[in-house]
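> Okay, so here is query.txt, and as you'll see once you scroll down, it has compact mmCIF, C-alpha atoms and all ligand atoms.
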# COMPACT_ATOMS: atom_id res chain seq x y z
CA MET A 610 24.14 -69.36 -12.70
CA SER A 611 27.06 -68.35 -14.91
CA GLN A 612 26.56 -65.82 -17.65
CA PHE A 613 28.77 -65.33 -20.69
CA LEU A 614 30.72 -62.34 -21.95
CA LEU A 615 31.67 -62.69 -25.61
CA VAL A 616 34.72 -60.75 -26.75
CA PHE A 617 35.37 -60.29 -30.44
CA ALA A 618 39.17 -60.45 -30.74
CA GLU A 619 39.99 -58.36 -33.77
CA MET A 620 42.72 -59.71 -36.02
CA ARG A 621 44.50 -58.33 -39.04
CA GLU A 622 46.41 -60.49 -41.48
CA GLY A 623 46.44 -63.45 -39.12
CA LYS A 624 47.63 -61.47 -36.10
CA LEU A 625 45.75 -60.26 -33.05
CA ARG A 626 45.48 -56.49 -32.80
CA GLN A 627 46.35 -54.77 -29.53
CA VAL A 628 42.70 -53.71 -29.24
CA ALA A 629 41.76 -57.41 -28.94
CA LEU A 630 43.65 -57.62 -25.63
CA GLU A 631 42.16 -54.32 -24.49
CA THR A 632 38.66 -55.64 -25.25
CA LEU A 633 39.53 -58.73 -23.20
CA GLY A 634 40.76 -56.36 -20.44
CA ALA A 635 37.36 -54.62 -20.55
CA ALA A 636 35.65 -58.00 -20.24
CA GLN A 637 37.78 -58.74 -17.16
CA LEU A 638 36.59 -55.48 -15.59
CA LEU A 639 32.98 -56.30 -16.41
CA ALA A 640 33.32 -59.81 -15.04
CA GLN A 641 33.40 -58.18 -11.60
CA GLU A 642 29.66 -57.53 -12.09
CA GLY A 643 28.85 -61.15 -11.37
CA ASP A 644 29.47 -64.77 -12.23
CA PHE A 645 30.75 -64.29 -15.77
CA ILE A 646 32.72 -66.59 -18.04
CA ARG A 647 34.79 -64.88 -20.72
CA ILE A 648 34.56 -66.33 -24.19
CA VAL A 649 36.72 -64.92 -26.95
CA LEU A 650 36.09 -65.35 -30.65
CA ALA A 651 39.06 -65.22 -33.01
CA ALA A 652 37.99 -65.29 -36.65
CA GLY A 653 40.11 -65.08 -39.78
CA SER A 654 43.29 -66.98 -40.51
CA ASN A 655 46.04 -68.26 -38.23
CA THR A 656 43.53 -68.42 -35.38
CA ALA A 657 45.46 -71.20 -33.58
CA ASP A 658 48.29 -68.72 -32.83
CA ALA A 659 45.76 -66.11 -31.74
CA ALA A 660 44.06 -68.66 -29.48
CA ALA A 661 47.40 -69.47 -27.81
CA VAL A 662 47.93 -65.78 -26.99
CA LEU A 663 44.34 -65.28 -25.81
CA SER A 664 44.65 -68.34 -23.59
CA ALA A 665 47.76 -66.87 -21.94
CA TYR A 666 45.88 -63.59 -21.44
CA GLY A 667 43.03 -65.05 -19.45
CA ALA A 668 40.26 -66.01 -21.88
CA GLU A 669 38.35 -68.89 -20.28
CA ILE A 670 36.85 -70.30 -23.47
CA ILE A 671 38.06 -69.58 -26.99
CA TYR A 672 36.11 -70.06 -30.18
CA THR A 673 37.95 -70.02 -33.47
CA ILE A 674 36.44 -69.75 -36.95
CA GLU A 675 38.59 -69.98 -40.07
CA ASP A 676 37.49 -69.57 -43.65
CA GLU A 677 38.87 -67.83 -46.71
CA ASP A 678 35.81 -65.53 -46.59
CA LEU A 679 37.29 -64.13 -43.34
CA GLU A 680 40.70 -63.37 -44.87
CA HIS A 681 39.62 -59.78 -45.52
CA TYR A 682 36.85 -57.98 -43.70
CA THR A 683 33.40 -58.13 -45.23
CA PRO A 684 30.37 -57.38 -43.04
CA ASP A 685 28.32 -60.40 -44.16
CA ALA A 686 31.09 -62.92 -43.47
CA TYR A 687 32.11 -61.47 -40.10
CA ALA A 688 28.53 -60.91 -38.94
CA ALA A 689 27.76 -64.55 -39.76
CA ALA A 690 30.83 -65.75 -37.84
CA ILE A 691 29.94 -63.67 -34.78
CA GLN A 692 26.30 -64.72 -34.96
CA ALA A 693 27.49 -68.36 -34.91
CA ALA A 694 29.41 -67.61 -31.70
CA VAL A 695 26.40 -65.77 -30.24
CA SER A 696 24.12 -68.75 -30.97
CA GLU A 697 26.63 -71.08 -29.33
CA ALA A 698 27.33 -68.99 -26.22
CA GLN A 699 24.08 -67.03 -25.72
CA PRO A 700 26.12 -64.19 -24.18
CA THR A 701 24.74 -61.50 -21.90
CA VAL A 702 27.31 -58.99 -23.17
CA VAL A 703 29.23 -58.80 -26.45
CA LEU A 704 32.31 -56.56 -26.68
CA PHE A 705 34.09 -55.13 -29.72
CA GLY A 706 36.95 -52.69 -30.21
CA HIS A 707 35.71 -49.30 -31.38
CA THR A 708 37.67 -49.67 -34.61
CA ALA A 709 36.46 -49.24 -38.19
CA LEU A 710 35.56 -52.94 -38.11
CA GLY A 711 33.94 -52.87 -34.66
CA ARG A 712 31.92 -49.76 -35.49
CA ASP A 713 30.59 -51.52 -38.58
CA LEU A 714 29.78 -54.86 -36.94
CA ALA A 715 28.54 -53.98 -33.45
CA PRO A 716 25.20 -52.43 -34.53
CA VAL A 717 24.49 -55.40 -36.82
CA ILE A 718 25.04 -57.82 -33.94
CA ALA A 719 23.14 -55.62 -31.46
CA SER A 720 20.20 -55.45 -33.84
CA SER A 721 20.20 -59.21 -34.47
CA MET A 722 20.26 -59.87 -30.70
CA GLY A 723 17.72 -57.15 -29.84
CA ALA A 724 20.45 -55.71 -27.60
CA GLY A 725 21.13 -52.17 -26.44
CA GLN A 726 24.51 -50.71 -27.41
CA ILE A 727 26.95 -48.32 -25.75
CA SER A 728 29.72 -47.21 -28.12
CA ASP A 729 33.19 -45.71 -27.85
CA VAL A 730 33.64 -46.53 -24.17
CA THR A 731 36.80 -45.05 -22.64
CA SER A 732 36.44 -46.36 -19.09
CA ILE A 733 34.37 -48.82 -17.10
CA GLU A 734 33.57 -48.79 -13.39
CA ILE A 735 31.43 -51.20 -11.45
CA LYS A 736 29.14 -49.34 -9.07
CA ASP A 737 26.73 -51.23 -6.81
CA GLY A 738 27.34 -54.32 -8.94
CA GLU A 739 26.46 -52.51 -12.17
CA GLY A 740 28.70 -51.45 -15.06
CA LEU A 741 28.97 -47.70 -15.62
CA PHE A 742 30.45 -46.75 -18.99
CA THR A 743 32.15 -43.44 -19.76
CA ARG A 744 32.16 -42.20 -23.34
CA PRO A 745 33.18 -38.90 -24.93
CA LEU A 746 30.70 -36.49 -26.52
CA TYR A 747 31.06 -33.55 -28.90
CA ALA A 748 34.51 -34.58 -30.14
CA GLY A 749 35.86 -34.95 -26.58
CA LYS A 750 34.52 -31.65 -25.16
CA ALA A 751 32.25 -33.51 -22.71
CA PHE A 752 31.79 -37.00 -21.30
CA GLU A 753 28.74 -38.97 -20.30
CA LYS A 754 28.29 -42.03 -18.12
CA ARG A 755 25.77 -44.61 -19.18
CA SER A 756 24.52 -47.92 -17.91
CA PHE A 757 22.29 -50.57 -19.47
CA THR A 758 18.68 -51.06 -18.39
CA THR A 759 18.30 -54.30 -20.34
CA ARG A 760 20.39 -57.28 -21.39
CA PRO A 761 21.78 -58.54 -23.71
CA ALA A 762 24.12 -55.62 -24.29
CA VAL A 763 26.73 -54.69 -26.89
CA ILE A 764 29.71 -52.47 -26.08
CA THR A 765 32.50 -51.02 -28.21
CA ILE A 766 35.78 -50.05 -26.52
CA ARG A 767 37.90 -47.12 -27.74
CA PRO A 768 41.45 -48.34 -28.44
CA ASN A 769 44.28 -47.30 -26.09
CA ASN A 770 42.02 -46.36 -23.18
CA ILE A 771 41.29 -49.49 -21.19
CA ALA A 772 44.22 -51.52 -19.88
CA ALA A 773 44.88 -54.65 -21.89
CA ALA A 774 44.39 -57.99 -20.18
CA ALA A 775 47.62 -59.10 -18.49
CA PRO A 776 49.17 -62.52 -19.08
CA ASP A 777 48.32 -64.97 -16.31
CA ALA A 778 50.65 -67.96 -16.13
CA SER A 779 48.87 -69.41 -13.09
CA ARG A 780 45.66 -70.19 -14.98
CA ASN A 781 44.77 -73.44 -16.66
CA PRO A 782 44.84 -73.32 -20.48
CA SER A 783 41.59 -72.16 -22.08
CA ALA A 784 39.13 -74.55 -23.67
CA ILE A 785 39.41 -74.02 -27.42
CA THR A 786 36.48 -74.88 -29.69
CA GLU A 787 36.58 -74.65 -33.46
CA LEU A 788 33.19 -73.39 -34.65
CA ALA A 789 31.86 -74.13 -38.12
CA TYR A 790 31.74 -71.15 -40.46
CA PRO A 791 28.09 -70.80 -41.47
CA THR A 792 28.85 -69.79 -45.12
CA PRO A 793 26.45 -66.91 -45.70
CA SER A 794 25.88 -65.47 -49.17
CA LEU A 795 28.17 -62.47 -49.45
CA ARG A 796 26.69 -59.32 -50.88
CA SER A 797 30.13 -57.76 -51.34
CA VAL A 798 33.64 -59.20 -51.57
CA VAL A 799 37.12 -57.65 -51.35
CA LYS A 800 38.87 -57.70 -54.71
CA ASN A 801 42.07 -55.90 -53.80
CA VAL A 802 43.61 -54.08 -50.83
CA VAL A 803 45.88 -51.12 -51.58
CA ARG A 804 47.96 -50.00 -48.58
CA LYS A 805 48.52 -46.28 -48.20
CA THR A 806 50.16 -45.92 -44.80
CA THR A 807 53.92 -45.75 -44.47
CA GLY A 808 55.82 -47.61 -41.75
CA SER A 809 54.88 -50.82 -40.08
CA ILE A 810 53.27 -49.44 -36.90
CA ASP A 811 49.53 -48.94 -36.96
CA LEU A 812 48.87 -45.27 -36.22
CA SER A 813 45.76 -45.95 -34.14
CA GLU A 814 47.66 -48.46 -31.95
CA ALA A 815 51.05 -46.74 -31.67
CA ASN A 816 52.31 -45.86 -28.19
CA ILE A 817 54.15 -42.85 -29.57
CA VAL A 818 52.74 -40.65 -32.33
CA ILE A 819 54.70 -37.82 -33.91
CA SER A 820 52.44 -35.61 -35.98
CA GLY A 821 53.22 -32.88 -38.45
CA GLY A 822 51.07 -29.95 -39.47
CA ARG A 823 51.27 -27.22 -42.04
CA GLY A 824 54.39 -26.09 -40.19
CA VAL A 825 56.40 -28.95 -41.77
CA LYS A 826 56.05 -27.00 -45.03
CA SER A 827 56.57 -29.87 -47.50
CA ALA A 828 56.57 -33.66 -47.90
CA ASP A 829 60.31 -33.59 -47.20
CA GLY A 830 59.55 -31.68 -44.00
CA PHE A 831 58.17 -34.95 -42.59
CA LYS A 832 61.64 -36.55 -42.72
CA PRO A 833 62.81 -35.36 -39.26
CA LEU A 834 59.49 -36.64 -37.83
CA GLU A 835 59.95 -40.01 -39.52
CA GLU A 836 63.49 -40.25 -38.23
CA LEU A 837 62.47 -39.62 -34.63
CA ALA A 838 59.44 -41.94 -34.95
CA GLY A 839 61.70 -44.69 -36.33
CA LEU A 840 64.11 -44.25 -33.43
CA LEU A 841 61.37 -44.32 -30.77
CA GLY A 842 59.30 -47.09 -32.38
CA GLY A 843 56.44 -44.68 -32.99
CA ALA A 844 54.16 -43.81 -35.91
CA VAL A 845 53.85 -40.59 -37.90
CA GLY A 846 50.52 -38.75 -38.05
CA ALA A 847 49.39 -35.43 -39.50
CA SER A 848 46.91 -32.60 -39.23
CA ARG A 849 44.40 -32.07 -41.98
CA GLY A 850 46.28 -28.89 -42.81
CA ALA A 851 49.31 -30.99 -43.78
CA CYS A 852 47.15 -33.51 -45.70
CA ASP A 853 45.24 -30.75 -47.56
CA ALA A 854 48.55 -29.14 -48.50
CA GLY A 855 49.62 -32.43 -50.11
CA TYR A 856 52.55 -33.02 -47.72
CA CYS A 857 51.28 -36.49 -46.79
CA ASP A 858 48.52 -39.00 -47.40
CA TYR A 859 45.09 -38.61 -45.79
CA ALA A 860 45.65 -42.02 -44.18
CA LEU A 861 47.78 -40.12 -41.63
CA GLN A 862 45.12 -37.53 -40.74
CA ILE A 863 44.25 -37.30 -37.07
CA GLY A 864 41.18 -35.49 -35.84
CA GLN A 865 37.45 -35.18 -36.09
CA THR A 866 37.39 -36.37 -39.70
CA GLY A 867 40.52 -38.50 -39.41
CA LYS A 868 41.79 -41.11 -36.96
CA VAL A 869 41.40 -40.93 -33.19
CA VAL A 870 44.64 -41.75 -31.38
CA THR A 871 45.34 -42.05 -27.67
CA PRO A 872 49.03 -42.89 -27.41
CA GLU A 873 51.22 -42.63 -24.33
CA ILE A 874 53.09 -39.75 -25.99
CA TYR A 875 51.83 -37.44 -28.73
CA ILE A 876 54.29 -34.97 -30.23
CA ALA A 877 52.60 -32.25 -32.31
CA CYS A 878 55.06 -30.48 -34.62
CA GLY A 879 53.96 -27.33 -36.40
CA ILE A 880 50.29 -27.94 -35.61
CA SER A 881 48.22 -24.96 -34.41
CA GLY A 882 45.74 -27.02 -32.35
CA ALA A 883 42.39 -26.44 -34.08
CA ILE A 884 39.46 -28.02 -32.23
CA GLN A 885 38.96 -30.52 -35.06
CA HIS A 886 42.55 -31.74 -34.61
CA LEU A 887 42.21 -31.91 -30.80
CA ALA A 888 39.17 -34.19 -31.27
CA GLY A 889 41.54 -36.88 -32.51
CA MET A 890 44.39 -36.62 -30.01
CA SER A 891 43.45 -34.73 -26.85
CA GLN A 892 43.02 -37.99 -24.90
CA SER A 893 46.70 -38.87 -25.38
CA ARG A 894 48.45 -39.46 -22.07
CA ILE A 895 51.28 -36.95 -22.55
CA ILE A 896 51.08 -34.23 -25.19
CA ILE A 897 54.22 -32.42 -26.30
CA ALA A 898 53.87 -29.46 -28.67
CA ILE A 899 56.59 -27.90 -30.78
CA ASN A 900 55.49 -24.63 -32.34
CA LYS A 901 57.22 -21.37 -33.09
CA ASP A 902 54.15 -19.33 -32.10
CA PRO A 903 53.92 -19.10 -28.29
CA GLU A 904 50.22 -18.21 -28.63
CA ALA A 905 49.36 -21.37 -30.62
CA PRO A 906 46.24 -23.02 -29.08
CA ILE A 907 47.98 -26.43 -29.03
CA PHE A 908 49.93 -25.22 -25.96
CA LYS A 909 46.63 -25.07 -23.99
CA VAL A 910 46.29 -28.86 -24.16
CA ALA A 911 50.02 -29.67 -24.10
CA ASP A 912 51.69 -31.12 -21.00
CA TYR A 913 55.04 -29.90 -22.32
CA GLY A 914 55.54 -27.12 -24.82
CA ILE A 915 58.61 -26.15 -26.80
CA VAL A 916 58.47 -22.74 -28.46
CA GLY A 917 60.81 -22.96 -31.42
CA ASP A 918 61.38 -24.07 -34.97
CA LEU A 919 60.59 -27.76 -35.41
CA PHE A 920 63.48 -28.09 -37.87
CA ASP A 921 65.88 -27.07 -35.07
CA ILE A 922 64.18 -28.94 -32.22
CA LEU A 923 63.51 -32.34 -33.82
CA PRO A 924 67.15 -33.05 -34.86
CA LEU A 925 68.24 -32.10 -31.33
CA LEU A 926 65.69 -34.47 -29.78
CA THR A 927 66.73 -37.25 -32.18
CA MET A 928 70.40 -36.68 -31.34
CA GLU A 929 69.68 -36.88 -27.59
CA PHE A 930 67.50 -40.01 -27.91
CA ARG A 931 70.25 -41.72 -29.92
CA LYS A 932 72.48 -41.42 -26.86
CA VAL A 933 70.02 -43.30 -24.63
P1 LIG A 1001 47.82 -24.32 -39.23
O1 LIG A 1001 46.59 -23.99 -38.49
O2 LIG A 1001 48.16 -23.50 -40.41
O3 LIG A 1001 49.01 -24.32 -38.18
C1 LIG A 1001 50.35 -24.44 -38.55
C2 LIG A 1001 51.17 -24.19 -37.27
O4 LIG A 1001 52.52 -24.45 -37.55
C3 LIG A 1001 51.08 -22.76 -36.75
O5 LIG A 1001 50.66 -22.79 -35.40
C4 LIG A 1001 52.51 -22.24 -36.88
O6 LIG A 1001 52.88 -21.38 -35.80
C5 LIG A 1001 53.31 -23.51 -36.82
N1 LIG A 1001 54.59 -23.46 -37.51
C6 LIG A 1001 54.89 -22.99 -38.76
N2 LIG A 1001 56.18 -23.21 -39.06
C7 LIG A 1001 56.73 -23.81 -37.98
C8 LIG A 1001 58.03 -24.28 -37.69
N3 LIG A 1001 59.03 -24.21 -38.60
N4 LIG A 1001 58.27 -24.83 -36.48
C9 LIG A 1001 57.28 -24.93 -35.55
N5 LIG A 1001 56.02 -24.50 -35.77
C10 LIG A 1001 55.75 -23.96 -37.00
N6 LIG A 1001 42.01 -30.71 -38.89
C11 LIG A 1001 42.67 -31.80 -38.44
O7 LIG A 1001 43.87 -31.73 -38.12
N7 LIG A 1001 42.03 -33.00 -38.38
C12 LIG A 1001 40.73 -33.15 -38.72
O8 LIG A 1001 40.21 -34.27 -38.66
C13 LIG A 1001 40.01 -32.01 -39.18
N8 LIG A 1001 38.69 -32.10 -39.50
C14 LIG A 1001 38.03 -30.97 -39.86
C15 LIG A 1001 36.64 -31.04 -40.11
C16 LIG A 1001 35.95 -29.90 -40.44
C17 LIG A 1001 34.48 -29.99 -40.70
C18 LIG A 1001 36.64 -28.68 -40.55
C19 LIG A 1001 35.89 -27.42 -40.91
C20 LIG A 1001 37.98 -28.59 -40.32
C21 LIG A 1001 38.71 -29.74 -39.99
N9 LIG A 1001 40.08 -29.69 -39.75
C22 LIG A 1001 40.72 -30.79 -39.27
C23 LIG A 1001 40.90 -28.51 -40.07
C24 LIG A 1001 41.22 -27.67 -38.86
O9 LIG A 1001 40.19 -26.72 -38.64
C25 LIG A 1001 42.54 -26.87 -39.12
O10 LIG A 1001 42.40 -26.11 -40.31
C26 LIG A 1001 43.76 -27.76 -39.27
O11 LIG A 1001 43.85 -28.65 -38.18
C27 LIG A 1001 45.02 -26.87 -39.29
O12 LIG A 1001 46.14 -27.64 -39.52
P2 LIG A 1001 47.56 -27.18 -38.97
O13 LIG A 1001 47.48 -27.00 -37.48
O14 LIG A 1001 48.54 -28.12 -39.51
O15 LIG A 1001 47.77 -25.80 -39.75
Is it possible to give me this structure as structure tokens?

Amino acid sequence: MSQFLLVFAEMREGKLRQVALETLGAAQLLAQEGDFIRIVLAAGSNTADAAAVLSAYGAEIIYTIEDEDLEHYTPDAYAAAIQAAVSEAQPTVVLFGHTALGRDLAPVIASSMGAGQISDVTSIEIKDGEGLFTRPLYAGKAFEKRSFTTRPAVITIRPNNIAAAAPDASRNPSAITELAYPTPSLRSVVKNVVRKTTGSIDLSEANIVISGGRGVKSADGFKPLEELAGLLGGAVGASRGACDAGYCDYALQIGQTGKVVTPEIYIACGISGAIQHLAGMSQSRIIIAINKDPEAPIFKVADYGIVGDLFDILPLLTMEFRKV
């Protein structure tokens, strides 16, 4: 008999986030465990557009829920929407992105379902018909592999680690069902959202991140990083050293107490490579470090290292990339 995997497709301002497609990719991996049907829930606004994308990316059934309560994230509204989808689908597994929103919601849903939860999963393998989930420990210094002993189960997927679902033109369009929003009483509401990040690319989803540390020396010192990031379609990040020094906003901080990023390319400029910074970026696919101290610890994790002054190197890199 078929079982159901429910994927929460995270949206922001009426658009699907990249992590939504990665969570669907994780569901496709898990579907190898048995006879699973993938259901995706898109909640918020503009869900018809999201449903069209999710259909092209291989969701078999799509639920949409729209209500003004879902315009901005509040736990009560989103938990109620997901619980409505859970009641409808009775899923064996529910998947979220391991984002600020997913980290908040997943335990609520797991608790309401009496489900076990495995969080921050970076890879999934199916061994002897059973899912085995890898997750980092101690800020990335170790990994563990876990499996579930009971079902239902809730999983959160670390962004930028599991391949996103691929578009599949050969499939029939998904069945799309509009679910009623259950209108819970909200114990908190969003009054105002004040954006702090610069640039349009979300740091935690960027394929290229160019980060500055105390070595950039001032807020103006970030300009060569911004220029290169703009040229490459990347986002600018920072070490806590740079944030503490007032060179940039804390919204850019990467590390143990900042954001975790896993881009294809991470360029660390004037960052020493403290363990707390590595916790937020060491899983990047290619790490390039620019530092004038050849003994800087960042070079131990870097795939490519450039010993030199970032204010000499970055304009040269920008000039070369402009030629491409
Ligand atoms: P520094 O360590 O001062 O390094 C600056 C580097 O710039 C040096 O290596 C220097 O050689 C190089 N440099 C200087 N000038 C140039 C130049 N012109 N060209 C090239 N290189 C140059 N840190 C984080 O980043 N993220 C976190 O989330 C975080 N969380 C923390 C949590 C706790 C509980 C604690 C105790 C610390 C945390 N830290 C975090 C701080 C961390 O320990 C380091 O202090 C911080 O990462 C250092 O920042 P930095 O590398 O920019 O500065």
> For ligand LIG 1001 (chain A), return the neighbouring residues as a ChimeraX atom specification (distance at most 8 Å; only C-alpha atoms and all ligand atoms).
/A:821-826,847-851,862-868,878-889,899-903,905-907,916-920
> Kindly save the residues from that selection, with C-alpha atoms included, as an mmCIF file, keeping the file's coordinate frame.

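again-v1.cif, written as the output of this step:
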data_model
loop_
_atom_site.group_PDB
_atom_site.id
_atom_site.type_symbol
_atom_site.label_atom_id
_atom_site.label_comp_id
_atom_site.auth_asym_id
_atom_site.auth_seq_id
_atom_site.Cartn_x
_atom_site.Cartn_y
_atom_site.Cartn_z
ATOM 1 C CA GLY A 821 53.220 -32.880 -38.450
ATOM 2 C CA GLY A 822 51.070 -29.950 -39.470
ATOM 3 C CA ARG A 823 51.270 -27.220 -42.040
ATOM 4 C CA GLY A 824 54.390 -26.090 -40.190
ATOM 5 C CA VAL A 825 56.400 -28.950 -41.770
ATOM 6 C CA LYS A 826 56.050 -27.000 -45.030
ATOM 7 C CA ALA A 847 49.390 -35.430 -39.500
ATOM 8 C CA SER A 848 46.910 -32.600 -39.230
ATOM 9 C CA ARG A 849 44.400 -32.070 -41.980
ATOM 10 C CA GLY A 850 46.280 -28.890 -42.810
ATOM 11 C CA ALA A 851 49.310 -30.990 -43.780
ATOM 12 C CA GLN A 862 45.120 -37.530 -40.740
ATOM 13 C CA ILE A 863 44.250 -37.300 -37.070
ATOM 14 C CA GLY A 864 41.180 -35.490 -35.840
ATOM 15 C CA GLN A 865 37.450 -35.180 -36.090
ATOM 16 C CA THR A 866 37.390 -36.370 -39.700
ATOM 17 C CA GLY A 867 40.520 -38.500 -39.410
ATOM 18 C CA LYS A 868 41.790 -41.110 -36.960
ATOM 19 C CA CYS A 878 55.060 -30.480 -34.620
ATOM 20 C CA GLY A 879 53.960 -27.330 -36.400
ATOM 21 C CA ILE A 880 50.290 -27.940 -35.610
ATOM 22 C CA SER A 881 48.220 -24.960 -34.410
ATOM 23 C CA GLY A 882 45.740 -27.020 -32.350
ATOM 24 C CA ALA A 883 42.390 -26.440 -34.080
ATOM 25 C CA ILE A 884 39.460 -28.020 -32.230
ATOM 26 C CA GLN A 885 38.960 -30.520 -35.060
ATOM 27 C CA HIS A 886 42.550 -31.740 -34.610
ATOM 28 C CA LEU A 887 42.210 -31.910 -30.800
ATOM 29 C CA ALA A 888 39.170 -34.190 -31.270
ATOM 30 C CA GLY A 889 41.540 -36.880 -32.510
ATOM 31 C CA ILE A 899 56.590 -27.900 -30.780
ATOM 32 C CA ASN A 900 55.490 -24.630 -32.340
ATOM 33 C CA LYS A 901 57.220 -21.370 -33.090
ATOM 34 C CA ASP A 902 54.150 -19.330 -32.100
ATOM 35 C CA PRO A 903 53.920 -19.100 -28.290
ATOM 36 C CA ALA A 905 49.360 -21.370 -30.620
ATOM 37 C CA PRO A 906 46.240 -23.020 -29.080
ATOM 38 C CA ILE A 907 47.980 -26.430 -29.030
ATOM 39 C CA VAL A 916 58.470 -22.740 -28.460
ATOM 40 C CA GLY A 917 60.810 -22.960 -31.420
ATOM 41 C CA ASP A 918 61.380 -24.070 -34.970
ATOM 42 C CA LEU A 919 60.590 -27.760 -35.410
ATOM 43 C CA PHE A 920 63.480 -28.090 -37.870
#
> Near range 624-641 of chain A, counting only C-alpha atoms, which residues have an atom at most 9 Å away, once you skip same-chain residues fewer than 5 positions from it, shown as a ChimeraX atom specification?
/A:614-619,646-647,649,651,654-656,658-659,662-663,666-668,702-708,732-735,738-740,765-775,814
> Tell me, in Å to one decimal, how far CA of Ser797 in chain A is from CA of Ser696 in chain A.
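These two atoms are separated by 23.9 Å.
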> Report, in Å with one decimal, the straight-line distance from CA of Gln699 in chain A to CA of Thr743 in chain A.
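Distance reported for this atom pair: 25.6 Å.
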> In Å, with one decimal, what is the gap from CA of Gly830 in chain A to CA of Leu812 in chain A?
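Atom-to-atom, CA of Gly830 in chain A and CA of Leu812 in chain A are spaced 19.0 Å apart.
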